[in-house]
Each structure stands twice: as structure tokens, then as C-alpha cells.
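Here the structure comes first, spelled out in C-alpha cells, and everything after it is commentary.
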Amino acid sequence: MSSNADFDRWLVMCRPGFEGDTAAEMVWRLGAAGVGGHARTRDGSGLLEVFPAHGDALAWLQADILEHHVFPRQICAVSAAVEDLPASDRLTPLLEGWQRPVAEALVETGEGDGHRELGKLTQRLTGPLKGLLQERGLWRPEDSAALRLHVILDTGTRAWIGAAPQRVSSPVPGGIPRLRRQGGAPSRSALKLDEALRYMVGEDRRYMDLRSGMMAVDLGAAPGGWTWVLRQWGLGVYAIDNGAMAPGLASDPDVVHIRADAFTFEPPRRVDWLVCDLVDKPARVVELMARWLRRGWADRALFNLKLPMRRRWQAVADAEQRFFRVLGPESSKFTLTFRHLYHDREEITAYATPTA
Ligand SMILES: C[S@@+](CC[C@H](N)C(=O)[O-])C[C@H]1O[C@@H](n2cnc3c(N)ncnc32)[C@H](O)[C@@H]1O
């Protein structure tokens with residue numbers, strides 16, 4: 001199929017093993033938008049094709065019908081995959097008929113079976129792809145309204161080519177952020193909060209919403225990866241855990257370690273941030289978060305929910321309902337978003353923030 005044809009589907013990337021959950025979410029979102037559609041998955045691939053029942057798949061992305069999606073890491077509008085790409089020149093057949101100007105171009109692949117070994121090839125093709133677009137006068141890096149081009153390799157000879165608005169798809173290949181654990185962080189969990197602050201709070205907002213002098217409560221804080229990240233932003237932290245905090249944090253005068261049960265602890269004052277990384281039933285955690293916000297104990301909450309092994313999209317929907325049921329009359333004051341972040345694995349991150 002010519003790559004210049006209308007796009008009839010979305011290519012969605014997710015954590016391998018979450019294809020069914022991602023499909024359930026996408027089909028639900030298409031239904032909620034009044035469009036309808038279906039998905040085609042391949043277990044373990046980390047890739048799925050989602051077919052809106054009608055209309056141009058790119059136009060639906062431009063209409064923002066997927067705002068605040070949870071499981072997709074990457075999404076773009078494509079046609080059917082191009083097959084039998086010659087190893088000597090994969091890009092010419094892929095770009096055949098392509099006429100859309102673009103501001104960015106990514107060559108990416110999934111995280112699933114057989115994809116990892118394609119990583120080097122994606123890197124090798126990125127420069128030449130941009131070169132070809134330049135030659136054809138389609139390279140517009142300054143144009144914020146132009147599309148982002150995506151080439152997604154399924155194998156060395158099979159790939160999709162497509163596009164998405166820059167605000168919709170991820171600017172990093174596969175939607176996988178390359179965050180490095182910073183020296184001094186006492187646990188790998190620090191990366192989870194770092195990623196959440198970048199991609200859920202947002203690069204711009206986090207400079208406003210995380211300021212020196214603010215106070216946070218960290219429930220289930222030990223050994224202190226999240227507390228450490230909050231300290232890097234200048235916040236003082238009440239760290240609640242019966243376990244020990246890492247030595248650097250235990251001696252930090254701006255960290256108050258309180259050995260208490262997170263489910264009964266009451267803060268000595270209202271705090272700016274509540275964060276919570278407890279390994280417990282999602283229902284218990286979500287109710288705890290909603291109670292804190294309903295009582296006005298914290299301005300916002302960022303927390304993890306451990307997911308069940310099956311029907312995870314249903315678990316997300318249940319958690320959202322439960323959260324607002326417990327918030328009751330305060331519901332309109334908060335917006336709740338969920339995201340399956342790269343560092344999350346079998347959990348998702350939730351962010352409840354005051355409604356603008
Ligand atoms: C996944 S770890 C948290 C890791 C931490 N966010 C970090 O970055 O280092 C979960 C923690 O929750 C604590 N925990 C579990 N149940 C708790 C409870 N009811 N009250 C307080 N802490 C609890 C455990 O002791 C454990 O240290």
C-alpha cells in the first residue's frame with residue numbers, strides 16, 4: 001500500500017504483555033468518543049493495531065480523542081505494514097508517495113519478542129531518513145504544527161510508516177525515556193518518581209508545582225528513593241515507614257522519618273504533596289488518597305497502584321470510580337490521570353491534581 005494513502009489505523013506500542021489491556025483501553029476510548037472500532041494484537045509483541053470504525057485515523061489523533069491515555073507508550077496513525085523491504089534500501093519503498101511535511105522523524109521498534117535486536121538498525125536508519133526528507137523538501141523542524149513521522153520496524157523487512165501530531169505521540173523512540181539513575185539515589189524507585197514528574201506533572205509545570213519550601217508526605221518511603229527525588233527539588237519531607245531510611249536521608253534535617261502505619265498516619269499540617277508507593281491492594285490505596293484530599297490534608301497526590309495480572313484496564317476504571325466516590329462532593333476539585341510509565345512494570349502511576 002502506498003504510504004501516501006489515508007491512514008486507516010493506529011499503531012500503538014505498550015509494555016510487552018499488556019497488549020490485551022491496551023486494546024481494551026483503546027476500544028473503550030473509541031466507543032466513548034462515539035467512533036467505535038476494534039484492535040488486532042499479537043501477544044508478547046508490545047505492538048498492536050487499532051482500527052477506528054470510520055474516518056481517517058490521523059484526523060482522530062488531531063481531534064485529541066485519546067487525551068490522557070494510560071497504557072500506550074507510543075501511538076501514531078499508519079496504513080498496513082510495508083512488507084519485503086530490501087536490506088539494501090528499506091527507506092525508499094517506505095517513503096514511496098510520502099508527501100507530508102514533518103518536523104521530526106523517529107525510527108523505532110517495540111520492546112517485544114524479536115524487537116530488541118532491531119535497536120541498532122533503528123539508529124542506523126534515522127540519519128538517512130532525515131536526509132531523504134530534506135532532499136524532498138519535506139523537513140520542517142521549526143514548524144510546531146507539522147507532524148512527527150514514525151517508522152516502526154516489526155522485523156528487518158517489515159515496517160509501518162505513519163505520523164502523529166507532535167503533541168500526541170512521544171518524542172522519544174518507543175516512548176521509552178532514557179533516564180539514568182542519579183548518583184546518591186538510594187533506590188531504583190527514584191526513577192519512577194522522576195519519570196512521573198516529567199511526563200505526568202509536565203516539564204513546565206513541575207518547575208511551578210515543586211518548589212523549595214514546599215512540604216510533602218511520602219507514605220511507604222523506605223529506603224527513600226522518592227523522598228530523595230523530592231529533596232532534590234527542595235521540598236521538606238515527612239517520610240512514613242516502619243522500615244529504615246537510607247543513611248543520607250536519615251541524617252537530613254529536612255526529612256522527618258516517622259515510623260507509623262501509612263493507613264492511620266495523620267499529618268501535623270496541610271502539605272503541598274502527598275506521594276505514596278505502598279505495595280498494597282489498589283482499592284485500599286486509592287481510598288486512602290481520596291480521603292487525604294477530601295480532608296484537605298494535601299493539595300495533590302501522586303501514587304502507584306499495583307495492578308492485577310488480568311483485566312488491568314478494568315482495574316484502572318474501577319480505581320477511578322472508587323477515587324471519585326470517596327472524594328464525594330470534592331470530586332469536581334480534582335483531575336485524576338493514570339499512566340503506565342516505562343519504569344512502572346506491573347503497576348501504574350496516578351496523579352490527582354487540583355482542577356484548573
Ligand atoms: C516499594 S517500597 C517503597 C520504595 C520507596 N518509594 C523508595 O523510593 O525507596 C514500599 C514500602 O512501603 C512500606 N509499607 C508497606 N506497608 C506499609 C504501611 N502500612 N505503613 C507504612 N509503610 C508501609 C514498606 O515498609 C516499604 O518500605
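FYI, nothing fancy with the C-alpha cells labels: chains A, B, ... in order, residues from 1 per chain, ligands from 1 as they appear.
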
Glu287 of chain A surroundings by only C-alpha atoms, 8 Å radius, close-in-sequence under 2 positions cut, as a list in words: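 Once the nearby chain positions are removed, what remains is Ala283, Arg284, Val285, Met289, Ala290, Arg291, Arg322, Phe323 and Val326 of chain A.
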
Nearby polymer residues, ligand 1, at most 7 Å, only C-alpha atoms and all ligand atoms, as a list in words: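 After applying the 7 Å limit, what remains is Pro186, Ser187, Arg188, Ser189, Ala190, Leu219, Gly220, Ala221, Ala222, Pro223, Gly224, Gly225, Trp226, Thr227, Ile240, Asp241, Asn242, Gly243, Ala260, Asp261, Ala262, Phe263, Asp277, Leu278, Val279 and Asp280 of chain A.
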
Residue nearest Phe265 of chain A - candidates A:Val151, A:Arg325, A:Leu288, A:Arg158, atoms counted: only C-alpha atoms: A:Leu288

Residues flagged helix (DSSP H, G or I) by DSSP in segment 122-289 of chain A, as a PyMOL selection string: chain A and resi 122-135+173-175+189-201+205-209+225-232+247-250+282-289

Once you have the residues from the selection above, write them out as a PDB file, in the first residue's frame, restricted to C-alpha atoms.
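Written out: selection30.pdb:
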```pdb
ATOM      1  CA  THR A 122      16.685   1.868  14.024  1.00  0.00           C
ATOM      2  CA  GLN A 123      19.667   4.035  14.935  1.00  0.00           C
ATOM      3  CA  ARG A 124      21.352   3.398  11.572  1.00  0.00           C
ATOM      4  CA  LEU A 125      18.256   4.419   9.631  1.00  0.00           C
ATOM      5  CA  THR A 126      17.420   7.620  11.497  1.00  0.00           C
ATOM      6  CA  GLY A 127      20.042   9.900   9.869  1.00  0.00           C
ATOM      7  CA  PRO A 128      19.378   8.679   6.303  1.00  0.00           C
ATOM      8  CA  LEU A 129      15.611   9.077   6.845  1.00  0.00           C
ATOM      9  CA  LYS A 130      16.039  12.718   7.795  1.00  0.00           C
ATOM     10  CA  GLY A 131      18.406  13.162   4.830  1.00  0.00           C
ATOM     11  CA  LEU A 132      15.796  11.807   2.401  1.00  0.00           C
ATOM     12  CA  LEU A 133      13.104  14.072   3.838  1.00  0.00           C
ATOM     13  CA  GLN A 134      15.434  17.063   3.453  1.00  0.00           C
ATOM     14  CA  GLU A 135      16.197  16.148  -0.166  1.00  0.00           C
ATOM     15  CA  PRO A 173      11.623   6.197  20.297  1.00  0.00           C
ATOM     16  CA  GLY A 174       9.128   3.650  21.587  1.00  0.00           C
ATOM     17  CA  GLY A 175       8.001   6.180  24.200  1.00  0.00           C
ATOM     18  CA  SER A 189      12.286   3.590  42.624  1.00  0.00           C
ATOM     19  CA  ALA A 190      13.661   7.126  42.297  1.00  0.00           C
ATOM     20  CA  LEU A 191      13.396   6.671  38.510  1.00  0.00           C
ATOM     21  CA  LYS A 192       9.645   6.020  38.800  1.00  0.00           C
ATOM     22  CA  LEU A 193       9.031   9.334  40.509  1.00  0.00           C
ATOM     23  CA  ASP A 194      11.463  11.134  38.208  1.00  0.00           C
ATOM     24  CA  GLU A 195       9.592   9.810  35.154  1.00  0.00           C
ATOM     25  CA  ALA A 196       6.201  10.637  36.700  1.00  0.00           C
ATOM     26  CA  LEU A 197       7.237  14.230  37.425  1.00  0.00           C
ATOM     27  CA  ARG A 198       8.471  14.701  33.849  1.00  0.00           C
ATOM     28  CA  TYR A 199       5.623  13.071  31.970  1.00  0.00           C
ATOM     29  CA  MET A 200       2.597  13.427  34.255  1.00  0.00           C
ATOM     30  CA  VAL A 201       3.214  16.703  36.010  1.00  0.00           C
ATOM     31  CA  ARG A 205       4.521  22.675  35.422  1.00  0.00           C
ATOM     32  CA  ARG A 206       6.968  20.806  37.642  1.00  0.00           C
ATOM     33  CA  TYR A 207       9.048  23.961  37.997  1.00  0.00           C
ATOM     34  CA  MET A 208       5.955  25.701  39.367  1.00  0.00           C
ATOM     35  CA  ASP A 209       4.481  22.849  41.360  1.00  0.00           C
ATOM     36  CA  GLY A 225      14.160   6.886  46.525  1.00  0.00           C
ATOM     37  CA  TRP A 226      11.063   9.092  46.285  1.00  0.00           C
ATOM     38  CA  THR A 227      11.996  11.150  49.337  1.00  0.00           C
ATOM     39  CA  TRP A 228      15.416  11.701  47.750  1.00  0.00           C
ATOM     40  CA  VAL A 229      13.848  12.978  44.492  1.00  0.00           C
ATOM     41  CA  LEU A 230      11.612  15.379  46.434  1.00  0.00           C
ATOM     42  CA  ARG A 231      14.656  16.635  48.354  1.00  0.00           C
ATOM     43  CA  GLN A 232      16.423  17.309  45.022  1.00  0.00           C
ATOM     44  CA  PRO A 247      21.707   6.964  55.934  1.00  0.00           C
ATOM     45  CA  GLY A 248      21.962  10.201  53.891  1.00  0.00           C
ATOM     46  CA  LEU A 249      18.238  10.836  54.352  1.00  0.00           C
ATOM     47  CA  ALA A 250      18.106   9.682  57.973  1.00  0.00           C
ATOM     48  CA  PRO A 282      -5.217  -0.766  44.724  1.00  0.00           C
ATOM     49  CA  ALA A 283      -8.634  -0.244  46.317  1.00  0.00           C
ATOM     50  CA  ARG A 284      -7.081   0.464  49.744  1.00  0.00           C
ATOM     51  CA  VAL A 285      -4.509   2.866  48.310  1.00  0.00           C
ATOM     52  CA  VAL A 286      -6.927   4.782  46.119  1.00  0.00           C
ATOM     53  CA  GLU A 287      -9.363   5.219  49.030  1.00  0.00           C
ATOM     54  CA  LEU A 288      -6.546   6.446  51.261  1.00  0.00           C
ATOM     55  CA  MET A 289      -5.502   9.033  48.652  1.00  0.00           C
TER      56      MET A 289
END
```

Length of the atom CA of Ala81 of chain A to atom CA of Ile161 of chain A vector [Å]: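 Computing it gives 7.4 Å between the two atoms.
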
With only C-alpha atoms counted and 12 Å as the cut-off, give the residues of segment 129-162 of chain A in contact with segment 60-73 of chain A, each with its shortest interatomic distance in Å and the pair that gives it, as JSON lines.
```
{"residue": "A:Ala145", "atom": "CA", "partner": "A:Gln62", "partner_atom": "CA", "distance": 10.7}
{"residue": "A:Ala146", "atom": "CA", "partner": "A:Gln62", "partner_atom": "CA", "distance": 11.3}
{"residue": "A:Leu147", "atom": "CA", "partner": "A:Gln62", "partner_atom": "CA", "distance": 9.9}
{"residue": "A:Arg148", "atom": "CA", "partner": "A:Gln62", "partner_atom": "CA", "distance": 12.0}
{"residue": "A:Gly162", "atom": "CA", "partner": "A:Leu61", "partner_atom": "CA", "distance": 11.9}
```

Produce a file of the selected residues containing C-alpha atoms, as a compact mmCIF listing (two decimals), in the first residue's frame.
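Produced file part_12.txt, reproduced below:
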```
# COMPACT_ATOMS: atom_id res chain seq x y z
CA ALA A 145 2.27 22.47 13.72
CA ALA A 146 3.92 19.95 11.40
CA LEU A 147 3.58 16.24 12.04
CA ARG A 148 6.05 13.82 13.61
CA GLY A 162 2.92 6.89 9.79
```

Selection near Trp160 of chain A, 12 Å with only C-alpha atoms, sequence-local residues under 2 positions removed, as a ChimeraX atom specification: /A:1-3,7,9-12,47-49,75-85,90-91,93-95,106-110,149-158,162-163

Filtering to N, CA and C atoms, could you give me those residues as a tab-separated table (two decimals), in the first residue's frame?
```
chain	number	residue	atom	x	y	z
A	1	MET	N	0.85	-1.21	0.00
A	1	MET	CA	0.00	0.00	0.00
A	1	MET	C	0.89	1.25	0.00
A	2	SER	N	0.52	2.22	-0.78
A	2	SER	CA	1.32	3.45	-0.81
A	2	SER	C	1.29	4.14	0.54
A	3	SER	N	2.44	4.65	0.96
A	3	SER	CA	2.49	5.31	2.26
A	3	SER	C	1.77	6.64	2.24
A	7	PHE	N	-4.63	7.15	6.38
A	7	PHE	CA	-4.30	6.21	7.44
A	7	PHE	C	-5.59	5.59	7.98
A	9	ARG	N	-5.58	3.14	10.51
A	9	ARG	CA	-5.40	2.51	11.83
A	9	ARG	C	-4.36	3.25	12.65
A	10	TRP	N	-4.29	2.91	13.91
A	10	TRP	CA	-3.20	3.41	14.76
A	10	TRP	C	-2.26	2.26	15.06
A	11	LEU	N	-0.99	2.56	15.07
A	11	LEU	CA	-0.01	1.61	15.57
A	11	LEU	C	0.30	2.07	17.00
A	12	VAL	N	0.08	1.18	17.95
A	12	VAL	CA	0.23	1.53	19.36
A	12	VAL	C	1.32	0.65	19.97
A	47	LEU	N	3.23	-4.47	20.51
A	47	LEU	CA	2.67	-3.65	19.41
A	47	LEU	C	1.24	-4.08	19.17
A	48	LEU	N	0.37	-3.14	18.81
A	48	LEU	CA	-0.96	-3.52	18.36
A	48	LEU	C	-1.46	-2.53	17.34
A	49	GLU	N	-2.36	-3.02	16.51
A	49	GLU	CA	-3.01	-2.15	15.53
A	49	GLU	C	-4.44	-1.91	16.01
A	75	ILE	N	2.08	6.18	20.01
A	75	ILE	CA	0.93	5.99	19.12
A	75	ILE	C	1.11	6.86	17.89
A	76	CYS	N	0.75	6.31	16.73
A	76	CYS	CA	0.73	7.12	15.51
A	76	CYS	C	-0.26	6.50	14.55
A	77	ALA	N	-0.65	7.26	13.55
A	77	ALA	CA	-1.59	6.78	12.54
A	77	ALA	C	-0.79	6.16	11.39
A	78	VAL	N	-1.20	4.99	10.94
A	78	VAL	CA	-0.47	4.29	9.88
A	78	VAL	C	-1.48	3.66	8.90
A	79	SER	N	-0.91	3.09	7.81
A	79	SER	CA	-1.66	2.18	6.95
A	79	SER	C	-1.13	0.77	7.25
A	80	ALA	N	-1.45	-0.18	6.39
A	80	ALA	CA	-0.91	-1.54	6.59
A	80	ALA	C	0.62	-1.50	6.55
A	81	ALA	N	1.25	-2.44	7.22
A	81	ALA	CA	2.73	-2.51	7.21
A	81	ALA	C	3.22	-2.73	5.79
A	82	VAL	N	4.37	-2.14	5.48
A	82	VAL	CA	5.00	-2.39	4.18
A	82	VAL	C	5.87	-3.64	4.33
A	83	GLU	N	5.69	-4.60	3.42
A	83	GLU	CA	6.37	-5.90	3.53
A	83	GLU	C	7.56	-5.96	2.57
A	84	ASP	N	8.41	-6.96	2.77
A	84	ASP	CA	9.51	-7.30	1.85
A	84	ASP	C	10.45	-6.14	1.59
A	85	LEU	N	10.79	-5.42	2.62
A	85	LEU	CA	11.72	-4.31	2.44
A	85	LEU	C	13.12	-4.88	2.15
A	90	ARG	N	15.85	0.09	2.71
A	90	ARG	CA	14.49	-0.05	3.26
A	90	ARG	C	13.69	1.24	3.13
A	91	LEU	N	14.39	2.37	3.12
A	91	LEU	CA	13.67	3.64	3.25
A	91	LEU	C	12.96	4.07	1.97
A	93	PRO	N	11.37	2.33	-0.47
A	93	PRO	CA	9.99	1.83	-0.60
A	93	PRO	C	9.06	2.33	0.50
A	94	LEU	N	9.60	2.55	1.69
A	94	LEU	CA	8.74	3.05	2.77
A	94	LEU	C	8.24	4.45	2.46
A	95	LEU	N	9.13	5.28	1.90
A	95	LEU	CA	8.78	6.68	1.67
A	95	LEU	C	8.07	6.92	0.33
A	106	LEU	N	11.18	9.73	13.65
A	106	LEU	CA	11.69	8.69	14.56
A	106	LEU	C	11.69	7.35	13.83
A	107	VAL	N	12.76	6.59	14.00
A	107	VAL	CA	12.73	5.19	13.59
A	107	VAL	C	12.76	4.40	14.90
A	108	GLU	N	11.78	3.54	15.09
A	108	GLU	CA	11.65	2.89	16.39
A	108	GLU	C	11.20	1.44	16.21
A	109	THR	N	11.21	0.73	17.31
A	109	THR	CA	10.73	-0.65	17.28
A	109	THR	C	10.14	-0.96	18.64
A	110	GLY	N	9.46	-2.10	18.74
A	110	GLY	CA	8.83	-2.45	20.01
A	110	GLY	C	9.86	-2.97	21.01
A	149	LEU	N	6.97	12.22	12.02
A	149	LEU	CA	6.96	11.00	11.21
A	149	LEU	C	7.46	9.82	12.05
A	150	HIS	N	6.79	8.69	11.94
A	150	HIS	CA	7.21	7.49	12.66
A	150	HIS	C	7.45	6.34	11.67
A	151	VAL	N	8.61	5.72	11.75
A	151	VAL	CA	8.84	4.45	11.07
A	151	VAL	C	9.01	3.41	12.17
A	152	ILE	N	8.17	2.39	12.16
A	152	ILE	CA	8.23	1.38	13.22
A	152	ILE	C	8.60	0.04	12.59
A	153	LEU	N	9.77	-0.47	12.96
A	153	LEU	CA	10.23	-1.75	12.41
A	153	LEU	C	9.62	-2.90	13.20
A	154	ASP	N	8.98	-3.83	12.48
A	154	ASP	CA	8.48	-5.04	13.13
A	154	ASP	C	9.53	-6.15	12.98
A	155	THR	N	10.11	-6.22	11.79
A	155	THR	CA	11.25	-7.11	11.53
A	155	THR	C	12.20	-6.30	10.64
A	156	GLY	N	13.28	-6.95	10.19
A	156	GLY	CA	14.21	-6.26	9.30
A	156	GLY	C	13.61	-6.00	7.92
A	157	THR	N	12.49	-6.66	7.61
A	157	THR	CA	11.91	-6.50	6.26
A	157	THR	C	10.46	-6.01	6.29
A	158	ARG	N	9.96	-5.69	7.48
A	158	ARG	CA	8.54	-5.31	7.60
A	158	ARG	C	8.44	-4.10	8.52
A	162	GLY	N	4.12	6.13	9.42
A	162	GLY	CA	2.92	6.89	9.79
A	162	GLY	C	3.28	8.22	10.40
A	163	ALA	N	2.29	8.84	11.01
A	163	ALA	CA	2.50	10.19	11.53
A	163	ALA	C	1.56	10.45	12.69
```

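Separating atom CA of Gly236 of chain A from atom CA of Leu302 of chain A is a distance of 16.1 Å.
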
Backbone-only DSSP, strand (DSSP E) members of segment 38-252 of chain A, as number ranges by chain: A: 38-41, 47-52, 74-78, 102-109, 147-155, 158-165, 215-219, 236-240

Atomic separation - atom CA of Asn304 of chain A relative to atom CA of Val27 of chain A, Å: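 Going from atom CA of Val27 of chain A over to atom CA of Asn304 of chain A, I get 24.4 Å.
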
Spatial neighbours of segment 111-118 of chain A, max dist 6 Å, only C-alpha atoms, sep filter under 6 positions, as number ranges by chain: A: 16, 44-46

Filtering to C-alpha atoms, could you give me those residues as a PDB file, in the first residue's frame?
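Result file result29.pdb:
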```pdb
ATOM      1  CA  PRO A  16       5.027  -6.456  26.237  1.00  0.00           C
ATOM      2  CA  GLY A  44       4.263 -10.503  23.720  1.00  0.00           C
ATOM      3  CA  SER A  45       4.983  -8.142  20.811  1.00  0.00           C
ATOM      4  CA  GLY A  46       4.387  -4.852  22.621  1.00  0.00           C
TER       5      GLY A  46
END
```
